[in-house]
Structures are given as C-alpha cells and as structure tokens.
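Colleague: Dropping in run03.cif, which is mmCIF, N, CA and C atoms:
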data_work
#
loop_
_atom_site.label_atom_id
_atom_site.label_comp_id
_atom_site.auth_asym_id
_atom_site.auth_seq_id
_atom_site.Cartn_x
_atom_site.Cartn_y
_atom_site.Cartn_z
N VAL C 1 0.85 -1.19 0.00
CA VAL C 1 0.00 0.00 0.00
C VAL C 1 0.89 1.24 0.00
N GLN C 2 0.54 2.17 -0.86
CA GLN C 2 1.26 3.45 -0.88
C GLN C 2 0.29 4.56 -0.53
N LEU C 3 0.77 5.50 0.28
CA LEU C 3 -0.04 6.62 0.71
C LEU C 3 0.61 7.91 0.24
N GLN C 4 -0.18 8.78 -0.37
CA GLN C 4 0.32 10.05 -0.88
C GLN C 4 -0.47 11.17 -0.23
N ALA C 5 0.21 11.91 0.65
CA ALA C 5 -0.44 13.03 1.35
C ALA C 5 -0.19 14.33 0.61
N SER C 6 -1.17 15.21 0.67
CA SER C 6 -1.04 16.52 0.03
C SER C 6 -1.95 17.51 0.75
N GLY C 7 -1.82 18.79 0.36
CA GLY C 7 -2.71 19.80 0.90
C GLY C 7 -2.08 20.72 1.94
N GLY C 8 -0.86 20.43 2.33
CA GLY C 8 -0.20 21.30 3.29
C GLY C 8 0.16 22.63 2.66
N GLY C 9 0.57 23.57 3.50
CA GLY C 9 0.94 24.87 2.98
C GLY C 9 1.06 25.88 4.10
N LEU C 10 1.08 27.14 3.71
CA LEU C 10 1.20 28.26 4.65
C LEU C 10 -0.17 28.89 4.86
N VAL C 11 -0.55 29.07 6.10
CA VAL C 11 -1.84 29.68 6.41
C VAL C 11 -1.68 30.56 7.64
N GLN C 12 -2.48 31.60 7.72
CA GLN C 12 -2.46 32.46 8.89
C GLN C 12 -3.22 31.80 10.04
N ALA C 13 -2.86 32.15 11.24
CA ALA C 13 -3.57 31.65 12.41
C ALA C 13 -5.06 31.99 12.28
N GLY C 14 -5.89 31.01 12.60
CA GLY C 14 -7.32 31.18 12.45
C GLY C 14 -7.86 30.67 11.13
N GLY C 15 -6.96 30.39 10.21
CA GLY C 15 -7.35 29.91 8.89
C GLY C 15 -7.59 28.41 8.85
N SER C 16 -7.84 27.90 7.64
CA SER C 16 -8.18 26.49 7.45
C SER C 16 -7.34 25.89 6.33
N LEU C 17 -7.15 24.60 6.43
CA LEU C 17 -6.53 23.80 5.38
C LEU C 17 -7.20 22.44 5.37
N ARG C 18 -7.21 21.80 4.20
CA ARG C 18 -7.69 20.43 4.13
C ARG C 18 -6.58 19.55 3.56
N LEU C 19 -6.17 18.59 4.34
CA LEU C 19 -5.18 17.62 3.89
C LEU C 19 -5.89 16.43 3.26
N SER C 20 -5.26 15.86 2.25
CA SER C 20 -5.78 14.66 1.60
C SER C 20 -4.70 13.59 1.61
N CYS C 21 -5.14 12.35 1.63
CA CYS C 21 -4.20 11.24 1.57
C CYS C 21 -4.84 10.16 0.69
N VAL C 22 -4.23 9.92 -0.45
CA VAL C 22 -4.76 8.94 -1.40
C VAL C 22 -3.98 7.64 -1.25
N ALA C 23 -4.71 6.55 -1.16
CA ALA C 23 -4.09 5.23 -1.02
C ALA C 23 -4.14 4.46 -2.34
N SER C 24 -3.12 3.67 -2.58
CA SER C 24 -3.09 2.83 -3.77
C SER C 24 -2.42 1.50 -3.44
N GLY C 25 -2.82 0.48 -4.15
CA GLY C 25 -2.18 -0.82 -3.99
C GLY C 25 -2.81 -1.73 -2.97
N GLY C 26 -3.92 -1.36 -2.40
CA GLY C 26 -4.56 -2.22 -1.42
C GLY C 26 -6.07 -2.07 -1.46
N THR C 27 -6.74 -2.74 -0.55
CA THR C 27 -8.19 -2.66 -0.46
C THR C 27 -8.53 -1.58 0.55
N PHE C 28 -8.69 -0.35 0.07
CA PHE C 28 -8.83 0.80 0.94
C PHE C 28 -9.99 0.65 1.90
N ARG C 29 -11.03 0.01 1.44
CA ARG C 29 -12.23 -0.09 2.26
C ARG C 29 -11.96 -0.80 3.59
N SER C 30 -10.99 -1.67 3.65
CA SER C 30 -10.73 -2.43 4.86
C SER C 30 -9.64 -1.81 5.73
N TYR C 31 -9.26 -0.58 5.41
CA TYR C 31 -8.20 0.06 6.17
C TYR C 31 -8.76 1.12 7.12
N ALA C 32 -8.34 1.04 8.36
CA ALA C 32 -8.53 2.15 9.28
C ALA C 32 -7.40 3.15 9.01
N MET C 33 -7.70 4.42 9.13
CA MET C 33 -6.75 5.45 8.77
C MET C 33 -6.50 6.41 9.92
N GLY C 34 -5.35 7.05 9.87
CA GLY C 34 -5.05 8.03 10.91
C GLY C 34 -4.17 9.14 10.39
N TRP C 35 -4.15 10.22 11.13
CA TRP C 35 -3.25 11.35 10.87
C TRP C 35 -2.40 11.57 12.12
N PHE C 36 -1.13 11.79 11.88
CA PHE C 36 -0.18 12.11 12.94
C PHE C 36 0.59 13.35 12.51
N ARG C 37 1.29 13.96 13.46
CA ARG C 37 2.11 15.12 13.11
C ARG C 37 3.40 15.10 13.92
N GLN C 38 4.39 15.79 13.38
CA GLN C 38 5.69 15.80 14.02
C GLN C 38 6.38 17.13 13.78
N THR C 39 6.99 17.65 14.85
CA THR C 39 7.81 18.85 14.76
C THR C 39 9.25 18.46 15.07
N PRO C 40 10.21 19.27 14.63
CA PRO C 40 11.63 18.93 14.84
C PRO C 40 11.96 18.70 16.31
N GLY C 41 12.63 17.59 16.59
CA GLY C 41 13.06 17.29 17.94
C GLY C 41 12.00 16.65 18.82
N LYS C 42 10.82 16.44 18.27
CA LYS C 42 9.74 15.84 19.05
C LYS C 42 9.28 14.54 18.43
N GLU C 43 8.63 13.72 19.22
CA GLU C 43 8.10 12.47 18.71
C GLU C 43 6.85 12.75 17.87
N ARG C 44 6.62 11.83 16.96
CA ARG C 44 5.39 11.93 16.16
C ARG C 44 4.20 11.71 17.08
N GLU C 45 3.17 12.56 16.94
CA GLU C 45 2.03 12.46 17.84
C GLU C 45 0.73 12.23 17.07
N PHE C 46 -0.17 11.58 17.75
CA PHE C 46 -1.47 11.26 17.19
C PHE C 46 -2.31 12.52 17.03
N VAL C 47 -3.03 12.62 15.91
CA VAL C 47 -3.94 13.74 15.67
C VAL C 47 -5.39 13.25 15.60
N ALA C 48 -5.65 12.30 14.70
CA ALA C 48 -7.02 11.83 14.51
C ALA C 48 -7.00 10.47 13.84
N ALA C 49 -8.07 9.71 14.08
CA ALA C 49 -8.21 8.38 13.48
C ALA C 49 -9.65 8.17 13.05
N ILE C 50 -9.81 7.26 12.10
CA ILE C 50 -11.14 6.94 11.59
C ILE C 50 -11.20 5.44 11.32
N SER C 51 -12.37 4.87 11.58
CA SER C 51 -12.56 3.44 11.37
C SER C 51 -12.61 3.11 9.89
N TRP C 52 -12.49 1.83 9.56
CA TRP C 52 -12.51 1.42 8.16
C TRP C 52 -13.80 1.84 7.48
N SER C 53 -14.89 1.81 8.22
CA SER C 53 -16.19 2.16 7.65
C SER C 53 -16.37 3.67 7.51
N GLY C 54 -15.57 4.43 8.23
CA GLY C 54 -15.73 5.88 8.23
C GLY C 54 -16.76 6.37 9.23
N GLY C 55 -17.37 5.43 9.94
CA GLY C 55 -18.45 5.81 10.83
C GLY C 55 -18.03 6.21 12.23
N THR C 56 -16.80 5.91 12.59
CA THR C 56 -16.30 6.24 13.93
C THR C 56 -14.99 7.00 13.81
N THR C 57 -14.90 8.08 14.56
CA THR C 57 -13.68 8.89 14.54
C THR C 57 -13.25 9.19 15.96
N TYR C 58 -11.98 9.57 16.08
CA TYR C 58 -11.44 9.94 17.38
C TYR C 58 -10.34 10.95 17.14
N SER C 59 -10.32 12.00 17.95
CA SER C 59 -9.32 13.06 17.77
C SER C 59 -8.59 13.32 19.08
N ALA C 60 -7.37 13.80 18.96
CA ALA C 60 -6.61 14.21 20.13
C ALA C 60 -7.29 15.43 20.77
N ASP C 61 -7.13 15.57 22.07
CA ASP C 61 -7.75 16.69 22.77
C ASP C 61 -7.31 18.03 22.19
N SER C 62 -6.06 18.09 21.75
CA SER C 62 -5.51 19.35 21.26
C SER C 62 -6.18 19.85 19.97
N VAL C 63 -6.84 18.97 19.24
CA VAL C 63 -7.46 19.37 17.98
C VAL C 63 -8.97 19.12 17.97
N ASN C 64 -9.47 18.50 19.01
CA ASN C 64 -10.89 18.16 19.07
C ASN C 64 -11.73 19.42 18.95
N GLY C 65 -12.71 19.37 18.04
CA GLY C 65 -13.57 20.52 17.82
C GLY C 65 -13.05 21.46 16.73
N ARG C 66 -11.80 21.26 16.31
CA ARG C 66 -11.22 22.09 15.24
C ARG C 66 -10.88 21.27 13.99
N PHE C 67 -10.43 20.05 14.18
CA PHE C 67 -10.04 19.18 13.07
C PHE C 67 -11.09 18.10 12.88
N ILE C 68 -11.35 17.78 11.62
CA ILE C 68 -12.32 16.73 11.30
C ILE C 68 -11.69 15.75 10.33
N ILE C 69 -11.70 14.48 10.68
CA ILE C 69 -11.20 13.43 9.80
C ILE C 69 -12.38 12.77 9.10
N SER C 70 -12.19 12.48 7.82
CA SER C 70 -13.24 11.80 7.06
C SER C 70 -12.61 10.86 6.05
N LYS C 71 -13.41 9.93 5.55
CA LYS C 71 -12.88 8.88 4.65
C LYS C 71 -13.87 8.67 3.52
N ASP C 72 -13.37 8.68 2.31
CA ASP C 72 -14.18 8.42 1.14
C ASP C 72 -13.68 7.12 0.51
N ASN C 73 -14.37 6.04 0.78
CA ASN C 73 -13.93 4.74 0.28
C ASN C 73 -14.03 4.64 -1.24
N ALA C 74 -14.90 5.41 -1.83
CA ALA C 74 -15.04 5.39 -3.29
C ALA C 74 -13.85 6.05 -3.98
N LYS C 75 -13.18 6.95 -3.27
CA LYS C 75 -12.03 7.67 -3.83
C LYS C 75 -10.71 7.23 -3.22
N ASP C 76 -10.76 6.23 -2.34
CA ASP C 76 -9.54 5.75 -1.69
C ASP C 76 -8.78 6.88 -1.00
N THR C 77 -9.52 7.76 -0.36
CA THR C 77 -8.93 8.97 0.19
C THR C 77 -9.42 9.24 1.60
N VAL C 78 -8.50 9.67 2.44
CA VAL C 78 -8.85 10.15 3.77
C VAL C 78 -8.47 11.63 3.84
N TYR C 79 -9.30 12.39 4.53
CA TYR C 79 -9.11 13.83 4.62
C TYR C 79 -8.92 14.26 6.07
N LEU C 80 -8.26 15.39 6.23
CA LEU C 80 -8.19 16.04 7.53
C LEU C 80 -8.52 17.52 7.31
N GLN C 81 -9.71 17.90 7.68
CA GLN C 81 -10.12 19.30 7.61
C GLN C 81 -9.64 20.00 8.87
N MET C 82 -8.80 20.99 8.71
CA MET C 82 -8.22 21.69 9.85
C MET C 82 -8.72 23.12 9.88
N ASN C 83 -9.46 23.45 10.91
CA ASN C 83 -10.03 24.78 11.07
C ASN C 83 -9.43 25.47 12.29
N SER C 84 -9.57 26.78 12.33
CA SER C 84 -9.08 27.58 13.47
C SER C 84 -7.64 27.19 13.81
N LEU C 85 -6.80 27.18 12.80
CA LEU C 85 -5.43 26.75 13.00
C LEU C 85 -4.67 27.68 13.92
N LYS C 86 -3.80 27.08 14.72
CA LYS C 86 -2.98 27.82 15.67
C LYS C 86 -1.51 27.61 15.32
N PRO C 87 -0.64 28.51 15.76
CA PRO C 87 0.81 28.32 15.50
C PRO C 87 1.32 26.98 16.01
N GLU C 88 0.74 26.49 17.10
CA GLU C 88 1.20 25.20 17.65
C GLU C 88 0.76 24.01 16.81
N ASP C 89 -0.07 24.22 15.80
CA ASP C 89 -0.45 23.15 14.89
C ASP C 89 0.59 22.96 13.78
N MET C 90 1.53 23.87 13.70
CA MET C 90 2.54 23.79 12.65
C MET C 90 3.40 22.54 12.84
N ALA C 91 3.47 21.73 11.78
CA ALA C 91 4.18 20.44 11.84
C ALA C 91 4.16 19.81 10.46
N VAL C 92 4.87 18.69 10.35
CA VAL C 92 4.72 17.82 9.19
C VAL C 92 3.63 16.81 9.54
N TYR C 93 2.63 16.72 8.69
CA TYR C 93 1.51 15.83 8.94
C TYR C 93 1.64 14.56 8.09
N TYR C 94 1.43 13.43 8.74
CA TYR C 94 1.56 12.14 8.09
C TYR C 94 0.23 11.38 8.16
N CYS C 95 -0.12 10.73 7.06
CA CYS C 95 -1.26 9.83 7.12
C CYS C 95 -0.75 8.40 7.27
N ALA C 96 -1.57 7.56 7.83
CA ALA C 96 -1.19 6.18 8.10
C ALA C 96 -2.38 5.27 7.88
N ALA C 97 -2.09 4.00 7.59
CA ALA C 97 -3.15 3.03 7.32
C ALA C 97 -2.82 1.69 7.94
N VAL C 98 -3.86 0.97 8.31
CA VAL C 98 -3.70 -0.39 8.81
C VAL C 98 -4.94 -1.18 8.41
N GLU C 99 -4.72 -2.41 7.98
CA GLU C 99 -5.85 -3.25 7.64
C GLU C 99 -6.45 -3.80 8.94
N VAL C 100 -7.76 -3.71 9.06
CA VAL C 100 -8.44 -4.16 10.27
C VAL C 100 -9.57 -5.11 9.90
N PRO C 101 -10.00 -5.91 10.88
CA PRO C 101 -11.14 -6.81 10.61
C PRO C 101 -12.40 -6.01 10.35
N THR C 102 -13.05 -6.24 9.24
CA THR C 102 -14.26 -5.49 8.92
C THR C 102 -15.49 -6.07 9.60
N THR C 103 -15.29 -7.07 10.45
CA THR C 103 -16.41 -7.58 11.23
C THR C 103 -16.79 -6.62 12.34
N THR C 104 -15.87 -5.71 12.65
CA THR C 104 -16.14 -4.69 13.68
C THR C 104 -16.12 -3.34 13.00
N ALA C 105 -17.29 -2.70 12.89
CA ALA C 105 -17.40 -1.46 12.13
C ALA C 105 -16.58 -0.33 12.73
N ARG C 106 -16.36 -0.39 14.07
CA ARG C 106 -15.69 0.72 14.73
C ARG C 106 -14.18 0.53 14.88
N ALA C 107 -13.63 -0.52 14.30
CA ALA C 107 -12.20 -0.81 14.48
C ALA C 107 -11.32 0.31 13.94
N MET C 108 -10.42 0.80 14.77
CA MET C 108 -9.46 1.81 14.35
C MET C 108 -8.28 1.77 15.33
N ARG C 109 -7.24 2.56 15.06
CA ARG C 109 -6.04 2.58 15.87
C ARG C 109 -5.69 4.02 16.22
N VAL C 110 -5.12 4.23 17.40
CA VAL C 110 -4.80 5.59 17.84
C VAL C 110 -3.34 5.72 18.27
N THR C 111 -2.53 4.67 18.09
CA THR C 111 -1.13 4.75 18.46
C THR C 111 -0.24 4.52 17.24
N LEU C 112 0.98 5.03 17.33
CA LEU C 112 1.93 4.89 16.23
C LEU C 112 2.12 3.44 15.81
N ASP C 113 2.31 2.57 16.79
CA ASP C 113 2.62 1.19 16.46
C ASP C 113 1.40 0.41 15.99
N GLY C 114 0.24 1.06 15.97
CA GLY C 114 -0.95 0.41 15.46
C GLY C 114 -1.07 0.44 13.95
N TYR C 115 -0.18 1.19 13.30
CA TYR C 115 -0.27 1.38 11.86
C TYR C 115 0.85 0.68 11.12
N THR C 116 0.50 0.24 9.91
CA THR C 116 1.44 -0.51 9.09
C THR C 116 2.07 0.32 7.99
N TYR C 117 1.27 1.19 7.41
CA TYR C 117 1.72 1.95 6.24
C TYR C 117 1.69 3.44 6.56
N TRP C 118 2.68 4.15 6.01
CA TRP C 118 2.82 5.58 6.27
C TRP C 118 3.05 6.33 4.97
N GLY C 119 2.46 7.53 4.90
CA GLY C 119 2.71 8.42 3.79
C GLY C 119 3.98 9.22 4.02
N GLN C 120 4.30 10.09 3.07
CA GLN C 120 5.58 10.80 3.12
C GLN C 120 5.53 12.09 3.92
N GLY C 121 4.36 12.54 4.29
CA GLY C 121 4.25 13.77 5.07
C GLY C 121 4.02 15.00 4.22
N THR C 122 3.29 15.94 4.78
CA THR C 122 3.05 17.22 4.13
C THR C 122 3.18 18.33 5.18
N GLN C 123 3.89 19.38 4.84
CA GLN C 123 4.21 20.45 5.79
C GLN C 123 3.04 21.42 5.94
N VAL C 124 2.70 21.70 7.19
CA VAL C 124 1.70 22.72 7.50
C VAL C 124 2.41 23.82 8.30
N THR C 125 2.34 25.03 7.79
CA THR C 125 2.97 26.17 8.46
C THR C 125 1.88 27.18 8.81
N VAL C 126 1.86 27.58 10.07
CA VAL C 126 0.84 28.52 10.54
C VAL C 126 1.55 29.77 11.05
N SER C 127 1.25 30.89 10.43
CA SER C 127 1.87 32.14 10.83
C SER C 127 0.97 32.87 11.83
N SER C 128 1.60 33.49 12.80
CA SER C 128 0.83 34.20 13.85
C SER C 128 0.64 35.66 13.49
#
Would you write out, as structure tokens, the structure that this file holds?
Modeller:
Amino acid sequence: VQLQASGGGLVQAGGSLRLSCVASGGTFRSYAMGWFRQTPGKEREFVAAISWSGGTTYSADSVNGRFIISKDNAKDTVYLQMNSLKPEDMAVYYCAAVEVPTTTARAMRVTLDGYTYWGQGTQVTVSS
C-alpha cells in the first residue's frame, strides 16, 4: 500500500486547510486510517483516526472541535479538515493506514505502532 499526502501549505492563524491522503495498492475499504504530526526534535504524535467504515472517529484533545477526519472509500482517500489553525499546529503531517477486521465497524487505531503503512508527510505552516 502506498499513501500520498497533500494539501499542506502556509496559512495564517485562524485559517483552514484540508489535507488529503490517497491510497493505492490495497483494499482501501478495509483500512482504518489516521493522521499524525511531528515537529523537529519531538516524537510523532497522534492527531485523529477513523474506522474502516468511516463511521467512527477519534481526535486528540488538542485538535478536538477544530479538526475533522473523514474517509471516502469510493475515492480511496482520507481527509483532515483543519479549522481555526494555531501556531502550535505547525508540523509535518503524516497519514497512516492499517488493515483491520471489517467484522467490527468501529475498528481503528490511535497509536503509532498500530499502523502498518505511512505516507511521506506534508508540511503545514501557521503564521501568527
């Protein structure tokens, strides 16, 4: 499975960006997806996750209410809508995927080691 993230860029504080991550080479419908972010000198941290069905989501407290994760199985794409961006949101954002049992509609992962495949990252810069 290959993941291609895009949509990063420069935005002013309070602005919005939408990240996209397109998957290829696998059965996207059976993958739970997640977004993580990393700044220089820090560990990669969890941002948001979504179940394979797209019906269940979970976000980190730091972005809850501002970021929305969604999944379009028809387009093999997961999105991260980021609103009310803050300077502390500035990071390289990575999408990740893991195949999960589709017998459980809510199956997803929220830790780094829960994911098998990673995209290359896209830079988000927030100016104050």
Colleague: Determine the residue set returned by the PyMOL selection byres ((chain C and resi 86) around 7) for the present structure, and present it as a list of chain:residue names.
Modeller: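 Given this file, the PyMOL selection byres ((chain C and resi 86) around 7) evaluates to C:Gln12, C:Ala13, C:Gly14, C:Gly15, C:Asn83, C:Ser84, C:Leu85, C:Pro87, C:Glu88, C:Asp89, C:Met90, C:Val126, C:Ser127.
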Colleague: Mind dumping the selected residues with N, CA and C atoms as a PDB file, keeping the file's coordinate frame?
Modeller:
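Final output, again24.pdb:
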ATOM      1  N   GLN C  12      -2.480  31.600   7.720  1.00  0.00           N
ATOM      2  CA  GLN C  12      -2.460  32.460   8.890  1.00  0.00           C
ATOM      3  C   GLN C  12      -3.220  31.800  10.040  1.00  0.00           C
ATOM      4  N   ALA C  13      -2.860  32.150  11.240  1.00  0.00           N
ATOM      5  CA  ALA C  13      -3.570  31.650  12.410  1.00  0.00           C
ATOM      6  C   ALA C  13      -5.060  31.990  12.280  1.00  0.00           C
ATOM      7  N   GLY C  14      -5.890  31.010  12.600  1.00  0.00           N
ATOM      8  CA  GLY C  14      -7.320  31.180  12.450  1.00  0.00           C
ATOM      9  C   GLY C  14      -7.860  30.670  11.130  1.00  0.00           C
ATOM     10  N   GLY C  15      -6.960  30.390  10.210  1.00  0.00           N
ATOM     11  CA  GLY C  15      -7.350  29.910   8.890  1.00  0.00           C
ATOM     12  C   GLY C  15      -7.590  28.410   8.850  1.00  0.00           C
ATOM     13  N   ASN C  83      -9.460  23.450  10.910  1.00  0.00           N
ATOM     14  CA  ASN C  83     -10.030  24.780  11.070  1.00  0.00           C
ATOM     15  C   ASN C  83      -9.430  25.470  12.290  1.00  0.00           C
ATOM     16  N   SER C  84      -9.570  26.780  12.330  1.00  0.00           N
ATOM     17  CA  SER C  84      -9.080  27.580  13.470  1.00  0.00           C
ATOM     18  C   SER C  84      -7.640  27.190  13.810  1.00  0.00           C
ATOM     19  N   LEU C  85      -6.800  27.180  12.800  1.00  0.00           N
ATOM     20  CA  LEU C  85      -5.430  26.750  13.000  1.00  0.00           C
ATOM     21  C   LEU C  85      -4.670  27.680  13.920  1.00  0.00           C
ATOM     22  N   PRO C  87      -0.640  28.510  15.760  1.00  0.00           N
ATOM     23  CA  PRO C  87       0.810  28.320  15.500  1.00  0.00           C
ATOM     24  C   PRO C  87       1.320  26.980  16.010  1.00  0.00           C
ATOM     25  N   GLU C  88       0.740  26.490  17.100  1.00  0.00           N
ATOM     26  CA  GLU C  88       1.200  25.200  17.650  1.00  0.00           C
ATOM     27  C   GLU C  88       0.760  24.010  16.810  1.00  0.00           C
ATOM     28  N   ASP C  89      -0.070  24.220  15.800  1.00  0.00           N
ATOM     29  CA  ASP C  89      -0.450  23.150  14.890  1.00  0.00           C
ATOM     30  C   ASP C  89       0.590  22.960  13.780  1.00  0.00           C
ATOM     31  N   MET C  90       1.530  23.870  13.700  1.00  0.00           N
ATOM     32  CA  MET C  90       2.540  23.790  12.650  1.00  0.00           C
ATOM     33  C   MET C  90       3.400  22.540  12.840  1.00  0.00           C
ATOM     34  N   VAL C 126       1.860  27.580  10.070  1.00  0.00           N
ATOM     35  CA  VAL C 126       0.840  28.520  10.540  1.00  0.00           C
ATOM     36  C   VAL C 126       1.550  29.770  11.050  1.00  0.00           C
ATOM     37  N   SER C 127       1.250  30.890  10.430  1.00  0.00           N
ATOM     38  CA  SER C 127       1.870  32.140  10.830  1.00  0.00           C
ATOM     39  C   SER C 127       0.970  32.870  11.830  1.00  0.00           C
TER      40      SER C 127
END
Colleague: So which one's closest to Thr56 of chain C, C:Tyr117, C:Gly9, C:Arg106, C:Gln2? Using all atoms listed in the file, please.
Modeller: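 Ranked by minimum distance to Thr56 of chain C, first place goes to C:Arg106.
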Colleague: For the structure I just gave you, how does DSSP split segment 13-101 of chain C - specifically, which residues are strand (DSSP E)? Reply as number ranges by chain.
Modeller: C: 17-24, 31-38, 45-50, 57-59, 67-72, 77-82, 91-99
Colleague: Hey, what comes out of the PyMOL selection byres ((chain C and resi 47) around 8) on this file? Could you write it as JSON, numbers by chain?
Modeller: {"C": [34, 35, 36, 37, 44, 45, 46, 48, 49, 58, 59, 60, 61, 62, 63, 64, 67, 110]}
Colleague: List, as a list in words, every residue that the PyMOL selection byres (((chain C and resi 52 and name CA) around 6) and name CA) selects in the file provided.
Modeller: Ser30, Tyr31, Ala32, Ser51, Ser53 and Gly54 of chain C
Colleague: Write down as a ChimeraX atom specification the residues of segment 80-119 of chain C whose backbone DSSP state falls under helix (DSSP H, G or I).
Modeller: /C:87-89,112-114
Colleague: Hey, what's within 7 Å of Gly121 of chain C if we count all atoms listed in the file and toss same-chain stuff fewer than 3 positions away? As JSON, numbers by chain, please?
Modeller: {"C": [4, 5, 6, 92, 93, 94, 95, 118]}
Colleague: Which is closer to Gln38 of chain C than all the others in C:Thr57, C:Ile69, C:Thr122, C:Ala91, using all atoms listed in the file?
Modeller: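 Counting all atoms listed in the file, the residue closest to Gln38 of chain C is C:Ala91.
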Colleague: Please tell me which residues are no farther than 6.5 Å from (1.3, -0.9, 0.1) in the file, counting all atoms listed in the file, and write them as a ChimeraX atom specification.
Modeller: /C:1-3,24-26
Colleague: Tell me, in Å to one decimal, how far atom CA of Ser20 of chain C is from atom CA of Gly7 of chain C.
Modeller: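 One can read the atom CA of Ser20 of chain C to atom CA of Gly7 of chain C distance as 6.0 Å.
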Colleague: Set the distance at 6.5 Å and use all atoms listed in the file: which residues neighbour Asp76 of chain C once local chain neighbours fewer than 5 positions away are removed? I'd like the list as a CSV table (one decimal) with N, CA and C atoms, in the frame of the given file.
Modeller:
chain,number,residue,atom,x,y,z
C,21,CYS,N,-5.1,12.4,1.6
C,21,CYS,CA,-4.2,11.2,1.6
C,21,CYS,C,-4.8,10.2,0.7
C,22,VAL,N,-4.2,9.9,-0.4
C,22,VAL,CA,-4.8,8.9,-1.4
C,22,VAL,C,-4.0,7.6,-1.2
C,23,ALA,N,-4.7,6.6,-1.2
C,23,ALA,CA,-4.1,5.2,-1.0
C,23,ALA,C,-4.1,4.5,-2.3
C,28,PHE,N,-8.7,-0.4,0.1
C,28,PHE,CA,-8.8,0.8,0.9
C,28,PHE,C,-10.0,0.6,1.9
Colleague: For atom C of Arg29 of chain C and atom C of Met108 of chain C, quote the distance in Å rounded to one decimal.
Modeller: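 Straight-line distance from atom C of Arg29 of chain C to atom C of Met108 of chain C works out to 12.6 Å.
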Colleague: List the spatial neighbours of Leu17 of chain C as a ChimeraX atom specification - criterion: any atom at most 6 Å away, only N, CA and C atoms, same-chain residues fewer than 3 positions off excluded.
Modeller: /C:80-83
Colleague: Write out as lines of an AutoDock Vina configuration file an axis-aligned box for segment 1-4 of chain C: all of its atoms listed in the file, 6 Å added on each side, centre and edge lengths in Å with one decimal.
Modeller:
center_x = 0.4
center_y = 5.0
center_z = -0.1
size_x = 13.7
size_y = 24.4
size_z = 13.6
Colleague: So the first atom is atom CA of Asp113 of chain C and the second is atom C of Asp72 of chain C; what is the distance between them in Å, to one decimal place?
Modeller: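 A separation of 23.6 Å between them.
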Colleague: May I ask which of the residues C:Gln123, C:Ser16, C:Ser128, C:Thr27 is the closest one to Glu99 of chain C, counting all atoms listed in the file?
Modeller: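 Looking only at the distances to Glu99 of chain C, the closest residue turns out to be C:Thr27.
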Colleague: Could you model N, CA, C and O atoms for segment 39-50 of chain C and present them as a CSV table (one decimal), in the coordinates of the input?
Modeller:
chain,number,residue,atom,x,y,z
C,39,THR,N,7.0,17.6,14.8
C,39,THR,CA,7.8,18.8,14.8
C,39,THR,C,9.2,18.5,15.1
C,39,THR,O,9.5,17.4,15.7
C,40,PRO,N,10.2,19.3,14.6
C,40,PRO,CA,11.6,18.9,14.8
C,40,PRO,C,12.0,18.7,16.3
C,40,PRO,O,11.6,19.5,17.2
C,41,GLY,N,12.6,17.6,16.6
C,41,GLY,CA,13.1,17.3,17.9
C,41,GLY,C,12.0,16.6,18.8
C,41,GLY,O,12.3,16.3,20.0
C,42,LYS,N,10.8,16.4,18.3
C,42,LYS,CA,9.7,15.8,19.0
C,42,LYS,C,9.3,14.5,18.4
C,42,LYS,O,9.5,14.3,17.2
C,43,GLU,N,8.6,13.7,19.2
C,43,GLU,CA,8.1,12.5,18.7
C,43,GLU,C,6.8,12.8,17.9
C,43,GLU,O,6.1,13.7,18.1
C,44,ARG,N,6.6,11.8,17.0
C,44,ARG,CA,5.4,11.9,16.2
C,44,ARG,C,4.2,11.7,17.1
C,44,ARG,O,4.2,10.8,17.9
C,45,GLU,N,3.2,12.6,16.9
C,45,GLU,CA,2.0,12.5,17.8
C,45,GLU,C,0.7,12.2,17.1
C,45,GLU,O,0.6,12.7,15.9
C,46,PHE,N,-0.2,11.6,17.8
C,46,PHE,CA,-1.5,11.3,17.2
C,46,PHE,C,-2.3,12.5,17.0
C,46,PHE,O,-2.3,13.4,17.9
C,47,VAL,N,-3.0,12.6,15.9
C,47,VAL,CA,-3.9,13.7,15.7
C,47,VAL,C,-5.4,13.2,15.6
C,47,VAL,O,-6.2,13.7,16.3
C,48,ALA,N,-5.6,12.3,14.7
C,48,ALA,CA,-7.0,11.8,14.5
C,48,ALA,C,-7.0,10.5,13.8
C,48,ALA,O,-6.1,10.1,13.1
C,49,ALA,N,-8.1,9.7,14.1
C,49,ALA,CA,-8.2,8.4,13.5
C,49,ALA,C,-9.6,8.2,13.0
C,49,ALA,O,-10.6,8.8,13.6
C,50,ILE,N,-9.8,7.3,12.1
C,50,ILE,CA,-11.1,6.9,11.6
C,50,ILE,C,-11.2,5.4,11.3
C,50,ILE,O,-10.2,4.8,10.9
